[in-house]
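In what follows, a single structure is set out as structure tokens and then discussed.
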Amino acid sequence: MKPEIRPVASLREWLQRLADTDRLGVARRGMPLRYSVAALAKRLDGRKAVLFPEPDGHAIPVVSGLVASRAWIAEAMGTTEAGVLQRFQDAAANPLPWREIETAPVQETVHRDVDLTRLLPVPTHNEHDSGPYITAGLLITRNPRTGVQNVSINRCQINGASRLGVLILPRHAHAFYQEAEAAGDALEVAVVIGVDPLTLLSSQAIVPIDYDELGISGALRGEPLQAVRCVTNEIRVPAEAEIVIEGRLLPDVREPEGPFGEFPQYYGPRGDRHVIEVDAVTHRDKPIFHTIVGGALEHLWLGGIPREATLLGHLTRTFPNVVDVHLPVGGVCRYHLVVQVDQWSQEGQAKNIIMGAFAGHYDIKQVVVVDRDVNIHDPDEVQWAIATRFQASRDLVVVPEAQGSKLDPSARSGVSSKVGIDATVPAGADAFQFTRIRVPGEDSMDVEAHLDGDALNRLREILGRGTGRGHPDDQGG
Ligand code: MN
């Protein structure tokens, strides 16, 4: 299929594109929200997004699996796979702020007396999840001092008719909340469900505090996002979104939340977490509810691509010979980093790059450095480079007991050891010893032109009738 050149502008346009190219499955009506939605979404993970009409008889359909690979993300951005990181870096460096409008599709219907358990079709995904979760909601908060907004995705457990339990890790939304809580105030929030792939991707950017991530979405689209003020608070939300939950993060309130199946393919544990009191829900006419199945490819890639872009920028500032980076799916698009380098300037530099990468994000626990001839997007190629260019006594870096991911079950509450592997050709090595074998003409050969189309009959001719174990017809009747 030929990728479109134009960036995608809305969730509905993206679903149409997927349907036009046989990448959208539509489930039978009435699939159960408990497990069955996630089961079908995961069986088609990587191949098709799935739309679920009338799940459990609910009027609002559910969709999952909007992005399945780097190629889909490149297409949504209107670029090539090789161009994805550069495009994201450019957008983060030159954000286009949103533009406020007065009336918006996402406020076509307003509910002020809310029962979330009836209003929204919220699925339960994994076996030991504590219950239904809103997993694809953009949590938009606002710095109480500066008014600058922040966007992140936080898992939201349904705690009651108008109450959500939410996991807020110690980043920007948390900093805003702490400031409000210290003053005895609630923090206004909006949870935005059903946005286009570029806005989802932007929400995962690793940018400084007081940097509104929605500006990246505008830059990726090439025009500012339109935003509208919430009906009950000051948060501005994307006008084209499907559903918005408006509410307040309550000060001094914590309620049990979790467990919940997370991106490392394990459960995030239960704990006392923040609580959102819901004040209103607004939505489009005939809205669509987006759910991200925990641990599915959509979950992995949406986190991975913005991190790759940030890590590449971080490394190239210090090491100009770093060409590309990749966070492979096997490392849950978070923990394992592959770094590709061109021509060495100095022996030993791979180890400096390894240390620089560890400093780039605390989640990273393994870094492999490879040469330009290794395809970093092919795990077999990276494995081959380690197999043939790496010697543990010479090329291994271990950093014991550093900061790591709290969701890595092998870490001790976020204390994790790091491993670096220099899998580049050793400095000063004999060039022929490290020359990759190559069959001349292999890459350029027209395979079909060199194959006989009638393999069965040709085999029979070559083996001869009645000799050995021939074709079943040869057994006679
Ligand atoms: Mn932020």
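Ordering of the structure tokens sets the chain letters (A, B, ...); residue numbers start at 1 within each chain; ligands are numbered from 1 in the order shown.
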
Checklist line | Shell around A:Pro256 at 8 Å using only C-alpha atoms, local window under 3 positions removed, as a list in words | finding: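 Once the adjacent positions are removed, what remains is Gly165, Arg270, Gly271, Asp272 and Arg273 of chain A.
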
Saved selection, atoms kept: N, CA, C and O atoms, as a short mmCIF file (atom, residue, chain, number, x, y, z; two decimals), in the first residue's frame:
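Ended up saving to result-v1.cif:
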```cif
data_model
loop_
_atom_site.label_atom_id
_atom_site.label_comp_id
_atom_site.auth_asym_id
_atom_site.auth_seq_id
_atom_site.Cartn_x
_atom_site.Cartn_y
_atom_site.Cartn_z
N GLY A 165 -10.22 6.74 39.78
CA GLY A 165 -8.93 6.60 40.44
C GLY A 165 -7.85 6.69 39.37
O GLY A 165 -7.96 6.06 38.33
N ARG A 270 -1.49 -2.61 42.99
CA ARG A 270 -2.52 -1.81 43.65
C ARG A 270 -1.86 -0.87 44.66
O ARG A 270 -0.84 -1.20 45.25
N GLY A 271 -2.45 0.31 44.81
CA GLY A 271 -1.92 1.26 45.79
C GLY A 271 -2.93 2.37 46.00
O GLY A 271 -3.96 2.44 45.31
N ASP A 272 -2.66 3.23 46.94
CA ASP A 272 -3.55 4.38 47.20
C ASP A 272 -3.18 5.49 46.23
O ASP A 272 -2.05 5.99 46.25
N ARG A 273 -4.13 5.90 45.39
CA ARG A 273 -3.83 6.82 44.29
C ARG A 273 -4.78 8.01 44.28
O ARG A 273 -5.80 8.02 44.98
#
```

Polymer residues at most 12 Å from A:Gly57, only C-alpha atoms, same-chain spacing of 2 or more positions, as a JSON list (two decimals) with all heavy atoms, in the first residue's frame:
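result.json was written with the following content:
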```json
[["chain", "number", "residue", "atom", "x", "y", "z"],
["A", 28, "ARG", "N", -18.58, -8.19, 15.40],
["A", 28, "ARG", "CA", -20.03, -8.39, 15.44],
["A", 28, "ARG", "C", -20.60, -7.50, 16.55],
["A", 28, "ARG", "O", -19.90, -7.15, 17.50],
["A", 28, "ARG", "CB", -20.37, -9.86, 15.69],
["A", 28, "ARG", "CG", -19.92, -10.37, 17.04],
["A", 28, "ARG", "CD", -20.48, -11.77, 17.34],
["A", 28, "ARG", "NE", -19.91, -12.31, 18.57],
["A", 28, "ARG", "CZ", -20.31, -11.97, 19.78],
["A", 28, "ARG", "NH1", -21.29, -11.08, 19.95],
["A", 28, "ARG", "NH2", -19.75, -12.49, 20.85],
["A", 29, "ARG", "N", -21.87, -7.15, 16.40],
["A", 29, "ARG", "CA", -22.50, -6.28, 17.41],
["A", 29, "ARG", "C", -22.52, -6.96, 18.77],
["A", 29, "ARG", "O", -22.65, -8.18, 18.85],
["A", 29, "ARG", "CB", -23.95, -5.99, 17.02],
["A", 29, "ARG", "CG", -24.08, -5.07, 15.85],
["A", 29, "ARG", "CD", -25.55, -4.93, 15.43],
["A", 29, "ARG", "NE", -25.62, -4.36, 14.10],
["A", 29, "ARG", "CZ", -25.47, -3.07, 13.84],
["A", 29, "ARG", "NH1", -25.28, -2.22, 14.83],
["A", 29, "ARG", "NH2", -25.51, -2.63, 12.61],
["A", 30, "GLY", "N", -22.39, -6.15, 19.83],
["A", 30, "GLY", "CA", -22.68, -6.65, 21.17],
["A", 30, "GLY", "C", -21.58, -7.44, 21.85],
["A", 30, "GLY", "O", -21.87, -8.21, 22.77],
["A", 31, "MET", "N", -20.34, -7.31, 21.41],
["A", 31, "MET", "CA", -19.26, -8.04, 22.09],
["A", 31, "MET", "C", -19.17, -7.60, 23.56],
["A", 31, "MET", "O", -19.31, -6.42, 23.87],
["A", 31, "MET", "CB", -17.90, -7.72, 21.43],
["A", 31, "MET", "CG", -17.77, -8.24, 20.02],
["A", 31, "MET", "SD", -17.11, -9.91, 19.91],
["A", 31, "MET", "CE", -15.41, -9.65, 20.39],
["A", 32, "PRO", "N", -18.92, -8.55, 24.48],
["A", 32, "PRO", "CA", -18.79, -8.18, 25.90],
["A", 32, "PRO", "C", -17.59, -7.25, 26.14],
["A", 32, "PRO", "O", -16.52, -7.45, 25.57],
["A", 32, "PRO", "CB", -18.56, -9.53, 26.60],
["A", 32, "PRO", "CG", -19.12, -10.54, 25.66],
["A", 32, "PRO", "CD", -18.87, -10.00, 24.27],
["A", 33, "LEU", "N", -17.80, -6.25, 26.98],
["A", 33, "LEU", "CA", -16.72, -5.30, 27.31],
["A", 33, "LEU", "C", -15.67, -5.96, 28.20],
["A", 33, "LEU", "O", -14.51, -5.54, 28.22],
["A", 33, "LEU", "CB", -17.30, -4.07, 28.02],
["A", 33, "LEU", "CG", -18.09, -3.11, 27.12],
["A", 33, "LEU", "CD1", -18.93, -2.15, 27.95],
["A", 33, "LEU", "CD2", -17.13, -2.33, 26.22],
["A", 52, "PHE", "N", -15.80, -1.82, 17.59],
["A", 52, "PHE", "CA", -16.78, -2.69, 18.24],
["A", 52, "PHE", "C", -18.11, -1.97, 18.35],
["A", 52, "PHE", "O", -18.29, -1.13, 19.25],
["A", 52, "PHE", "CB", -16.30, -3.07, 19.65],
["A", 52, "PHE", "CG", -15.01, -3.85, 19.67],
["A", 52, "PHE", "CD1", -13.78, -3.19, 19.68],
["A", 52, "PHE", "CD2", -15.02, -5.24, 19.67],
["A", 52, "PHE", "CE1", -12.59, -3.91, 19.70],
["A", 52, "PHE", "CE2", -13.83, -5.96, 19.68],
["A", 52, "PHE", "CZ", -12.61, -5.29, 19.70],
["A", 53, "PRO", "N", -19.07, -2.26, 17.46],
["A", 53, "PRO", "CA", -20.39, -1.61, 17.59],
["A", 53, "PRO", "C", -21.19, -2.23, 18.73],
["A", 53, "PRO", "O", -21.10, -3.44, 18.97],
["A", 53, "PRO", "CB", -21.06, -1.88, 16.23],
["A", 53, "PRO", "CG", -20.17, -2.82, 15.49],
["A", 53, "PRO", "CD", -19.00, -3.19, 16.33],
["A", 54, "GLU", "N", -21.92, -1.38, 19.44],
["A", 54, "GLU", "CA", -22.84, -1.81, 20.50],
["A", 54, "GLU", "C", -22.22, -2.81, 21.48],
["A", 54, "GLU", "O", -22.80, -3.86, 21.76],
["A", 54, "GLU", "CB", -24.12, -2.39, 19.89],
["A", 54, "GLU", "CG", -24.90, -1.36, 19.09],
["A", 54, "GLU", "CD", -26.09, -1.98, 18.36],
["A", 54, "GLU", "OE1", -26.68, -2.93, 18.89],
["A", 54, "GLU", "OE2", -26.40, -1.50, 17.24],
["A", 55, "PRO", "N", -21.06, -2.51, 22.04],
["A", 55, "PRO", "CA", -20.46, -3.45, 22.99],
["A", 55, "PRO", "C", -21.34, -3.58, 24.22],
["A", 55, "PRO", "O", -21.75, -2.56, 24.78],
["A", 55, "PRO", "CB", -19.11, -2.80, 23.34],
["A", 55, "PRO", "CG", -19.32, -1.34, 23.08],
["A", 55, "PRO", "CD", -20.30, -1.25, 21.93],
["A", 59, "ALA", "N", -24.70, 2.11, 23.34],
["A", 59, "ALA", "CA", -24.87, 2.89, 22.10],
["A", 59, "ALA", "C", -23.54, 3.38, 21.53],
["A", 59, "ALA", "O", -23.42, 3.59, 20.31],
["A", 59, "ALA", "CB", -25.77, 4.10, 22.39],
["A", 60, "ILE", "N", -22.54, 3.57, 22.40],
["A", 60, "ILE", "CA", -21.26, 4.13, 21.93],
["A", 60, "ILE", "C", -20.32, 2.99, 21.54],
["A", 60, "ILE", "O", -20.06, 2.08, 22.33],
["A", 60, "ILE", "CB", -20.63, 4.99, 23.05],
["A", 60, "ILE", "CG1", -21.56, 6.15, 23.43],
["A", 60, "ILE", "CG2", -19.26, 5.50, 22.63],
["A", 60, "ILE", "CD1", -21.05, 7.00, 24.59],
["A", 61, "PRO", "N", -19.79, 3.03, 20.30],
["A", 61, "PRO", "CA", -18.85, 1.99, 19.90],
["A", 61, "PRO", "C", -17.46, 2.21, 20.51],
["A", 61, "PRO", "O", -17.11, 3.32, 20.90],
["A", 61, "PRO", "CB", -18.79, 2.14, 18.38],
["A", 61, "PRO", "CG", -19.13, 3.57, 18.13],
["A", 61, "PRO", "CD", -20.07, 4.00, 19.23],
["A", 62, "VAL", "N", -16.70, 1.13, 20.58],
["A", 62, "VAL", "CA", -15.32, 1.17, 21.08],
["A", 62, "VAL", "C", -14.39, 0.92, 19.91],
["A", 62, "VAL", "O", -14.71, 0.14, 19.00],
["A", 62, "VAL", "CB", -15.12, 0.10, 22.18],
["A", 62, "VAL", "CG1", -13.64, -0.02, 22.57],
["A", 62, "VAL", "CG2", -15.95, 0.42, 23.42],
["A", 118, "ARG", "N", -22.69, 3.97, 33.34],
["A", 118, "ARG", "CA", -23.72, 3.75, 32.31],
["A", 118, "ARG", "C", -23.43, 4.55, 31.05],
["A", 118, "ARG", "O", -23.77, 4.12, 29.94],
["A", 118, "ARG", "CB", -25.09, 4.16, 32.85],
["A", 118, "ARG", "CG", -25.50, 3.37, 34.08],
["A", 118, "ARG", "CD", -26.55, 4.13, 34.89],
["A", 118, "ARG", "NE", -27.81, 4.24, 34.19],
["A", 118, "ARG", "CZ", -28.83, 3.39, 34.38],
["A", 118, "ARG", "NH1", -28.74, 2.42, 35.25],
["A", 118, "ARG", "NH2", -29.95, 3.54, 33.69],
["A", 120, "LEU", "N", -20.52, 5.55, 29.58],
["A", 120, "LEU", "CA", -19.41, 5.19, 28.68],
["A", 120, "LEU", "C", -19.18, 3.68, 28.65],
["A", 120, "LEU", "O", -19.30, 3.01, 29.68],
["A", 120, "LEU", "CB", -18.12, 5.89, 29.14],
["A", 120, "LEU", "CG", -18.15, 7.42, 29.17],
["A", 120, "LEU", "CD1", -16.82, 7.96, 29.70],
["A", 120, "LEU", "CD2", -18.45, 7.98, 27.78],
["A", 121, "PRO", "N", -18.83, 3.15, 27.47],
["A", 121, "PRO", "CA", -18.56, 1.71, 27.35],
["A", 121, "PRO", "C", -17.10, 1.42, 27.72],
["A", 121, "PRO", "O", -16.24, 1.37, 26.85],
["A", 121, "PRO", "CB", -18.82, 1.44, 25.86],
["A", 121, "PRO", "CG", -18.43, 2.73, 25.19],
["A", 121, "PRO", "CD", -18.71, 3.84, 26.17]]
```

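Shortest atom-to-atom contact with ligand 1 among A:Ile101, A:Ile206, A:Ala49, A:Ala38: A:Ile206, counting only C-alpha atoms and all ligand atoms.
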
As a quick test: using only C-alpha atoms and all ligand atoms, which residues lie no more than 7 Å away from ligand 1? Give them as a ChimeraX atom specification.
/A:150-152,172,206-213

Residues from the last selection, all heavy atoms, saved as a tab-separated table (two decimals), in the first residue's frame:
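Done, and the output landed in part-v6.tsv:
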```tsv
chain	number	residue	atom	x	y	z
A	150	ASN	N	-0.65	20.90	30.44
A	150	ASN	CA	0.16	19.70	30.29
A	150	ASN	C	-0.72	18.56	29.80
A	150	ASN	O	-1.89	18.47	30.17
A	150	ASN	CB	0.81	19.31	31.62
A	150	ASN	CG	1.82	18.19	31.43
A	150	ASN	OD1	2.90	18.42	30.89
A	150	ASN	ND2	1.48	16.99	31.84
A	151	VAL	N	-0.15	17.69	28.97
A	151	VAL	CA	-0.90	16.56	28.44
A	151	VAL	C	-0.14	15.28	28.73
A	151	VAL	O	1.07	15.19	28.47
A	151	VAL	CB	-1.10	16.68	26.91
A	151	VAL	CG1	-2.06	15.60	26.43
A	151	VAL	CG2	-1.60	18.06	26.53
A	152	SER	N	-0.83	14.29	29.29
A	152	SER	CA	-0.23	12.98	29.50
A	152	SER	C	-1.34	11.94	29.40
A	152	SER	O	-2.52	12.31	29.35
A	152	SER	CB	0.44	12.92	30.89
A	152	SER	OG	-0.48	13.29	31.90
A	172	HIS	N	4.86	16.11	35.30
A	172	HIS	CA	4.36	17.49	35.27
A	172	HIS	C	2.98	17.65	35.90
A	172	HIS	O	2.76	18.58	36.68
A	172	HIS	CB	4.37	17.99	33.83
A	172	HIS	CG	5.75	17.91	33.22
A	172	HIS	ND1	5.98	17.79	31.87
A	172	HIS	CD2	6.97	17.88	33.81
A	172	HIS	CE1	7.28	17.73	31.65
A	172	HIS	NE2	7.90	17.77	32.81
A	206	ILE	N	8.65	13.75	25.44
A	206	ILE	CA	9.44	14.03	26.64
A	206	ILE	C	9.95	15.45	26.50
A	206	ILE	O	10.95	15.70	25.82
A	206	ILE	CB	10.58	13.02	26.76
A	206	ILE	CG1	10.01	11.63	26.55
A	206	ILE	CG2	11.34	13.21	28.08
A	206	ILE	CD1	10.31	10.57	27.47
A	207	VAL	N	9.21	16.40	27.06
A	207	VAL	CA	9.54	17.82	26.93
A	207	VAL	C	9.52	18.44	28.32
A	207	VAL	O	9.02	17.83	29.26
A	207	VAL	CB	8.55	18.53	25.97
A	207	VAL	CG1	8.81	18.14	24.53
A	207	VAL	CG2	7.10	18.23	26.33
A	208	PRO	N	10.06	19.66	28.48
A	208	PRO	CA	10.11	20.26	29.82
A	208	PRO	C	8.72	20.60	30.36
A	208	PRO	O	7.74	20.65	29.61
A	208	PRO	CB	10.92	21.55	29.60
A	208	PRO	CG	11.60	21.39	28.29
A	208	PRO	CD	10.74	20.50	27.47
A	209	ILE	N	8.68	20.86	31.66
A	209	ILE	CA	7.44	21.33	32.30
A	209	ILE	C	7.09	22.71	31.69
A	209	ILE	O	7.96	23.42	31.19
A	209	ILE	CB	7.62	21.39	33.83
A	209	ILE	CG1	6.26	21.49	34.53
A	209	ILE	CG2	8.56	22.53	34.24
A	209	ILE	CD1	6.31	21.13	36.01
A	210	ASP	N	5.81	23.04	31.68
A	210	ASP	CA	5.33	24.28	31.07
A	210	ASP	C	5.58	24.33	29.57
A	210	ASP	O	5.79	25.39	28.97
A	210	ASP	CB	5.92	25.52	31.75
A	210	ASP	CG	5.11	25.91	32.99
A	210	ASP	OD1	4.00	25.35	33.18
A	210	ASP	OD2	5.58	26.75	33.76
A	211	TYR	N	5.58	23.14	28.95
A	211	TYR	CA	5.62	23.02	27.50
A	211	TYR	C	4.33	22.28	27.15
A	211	TYR	O	4.16	21.12	27.53
A	211	TYR	CB	6.85	22.21	27.08
A	211	TYR	CG	6.97	21.96	25.59
A	211	TYR	CD1	8.03	22.49	24.87
A	211	TYR	CD2	6.04	21.17	24.91
A	211	TYR	CE1	8.16	22.24	23.51
A	211	TYR	CE2	6.15	20.93	23.56
A	211	TYR	CZ	7.22	21.47	22.87
A	211	TYR	OH	7.34	21.24	21.52
A	212	ASP	N	3.40	22.93	26.45
A	212	ASP	CA	2.11	22.32	26.15
A	212	ASP	C	2.28	21.33	24.99
A	212	ASP	O	2.51	21.72	23.84
A	212	ASP	CB	1.10	23.42	25.79
A	212	ASP	CG	-0.30	22.86	25.57
A	212	ASP	OD1	-0.44	21.65	25.32
A	212	ASP	OD2	-1.25	23.65	25.64
A	213	GLU	N	2.12	20.05	25.28
A	213	GLU	CA	2.35	19.00	24.28
A	213	GLU	C	1.41	19.10	23.08
A	213	GLU	O	1.74	18.58	22.00
A	213	GLU	CB	2.20	17.61	24.93
A	213	GLU	CG	3.34	17.20	25.85
A	213	GLU	CD	3.23	17.72	27.29
A	213	GLU	OE1	2.28	18.49	27.57
A	213	GLU	OE2	4.09	17.38	28.11
```

Using only C-alpha atoms, which protein or nucleic acid residues come within 6 Å of A:Cys333? Drop anything in the same chain fewer than 2 positions from it, and give the result as a CSV table (one decimal) with N, CA, C and O atoms, in the first residue's frame.
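And here's out-v8.csv as it stands now:
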```csv
chain,number,residue,atom,x,y,z
A,300,LEU,N,2.8,0.1,23.2
A,300,LEU,CA,4.2,0.1,23.1
A,300,LEU,C,4.7,1.2,22.2
A,300,LEU,O,5.6,2.0,22.5
A,304,GLY,N,7.0,4.5,22.5
A,304,GLY,CA,8.4,4.3,22.0
A,304,GLY,C,8.9,5.4,21.0
A,304,GLY,O,10.0,5.9,21.2
A,327,LEU,N,14.1,1.7,20.0
A,327,LEU,CA,13.6,1.1,21.3
A,327,LEU,C,12.8,-0.1,20.8
A,327,LEU,O,11.6,0.1,20.5
A,328,PRO,N,13.4,-1.3,20.7
A,328,PRO,CA,12.6,-2.4,20.1
A,328,PRO,C,11.5,-2.9,20.9
A,328,PRO,O,11.4,-2.7,22.2
A,329,VAL,N,10.5,-3.5,20.3
A,329,VAL,CA,9.3,-4.1,20.9
A,329,VAL,C,9.7,-5.1,22.0
A,329,VAL,O,9.1,-5.1,23.1
A,331,GLY,N,12.1,-5.0,24.0
A,331,GLY,CA,12.4,-4.3,25.2
A,331,GLY,C,11.3,-3.4,25.6
A,331,GLY,O,11.5,-2.3,26.2
```

query: By how many Å are atom CA of A:Ile288 and atom CA of A:Ala219 apart?
result: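 Answer for the atom CA of A:Ile288 to atom CA of A:Ala219 separation: 25.0 Å.
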
Between atom CA of A:Val325 and atom CA of A:Pro170, distance in Å (one decimal):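 Taking atom CA of A:Val325 as the start and atom CA of A:Pro170 as the end point, the length is 26.2 Å.
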
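You will find atom CA of A:Leu18 at 12.1 Å from atom CA of A:Val63.
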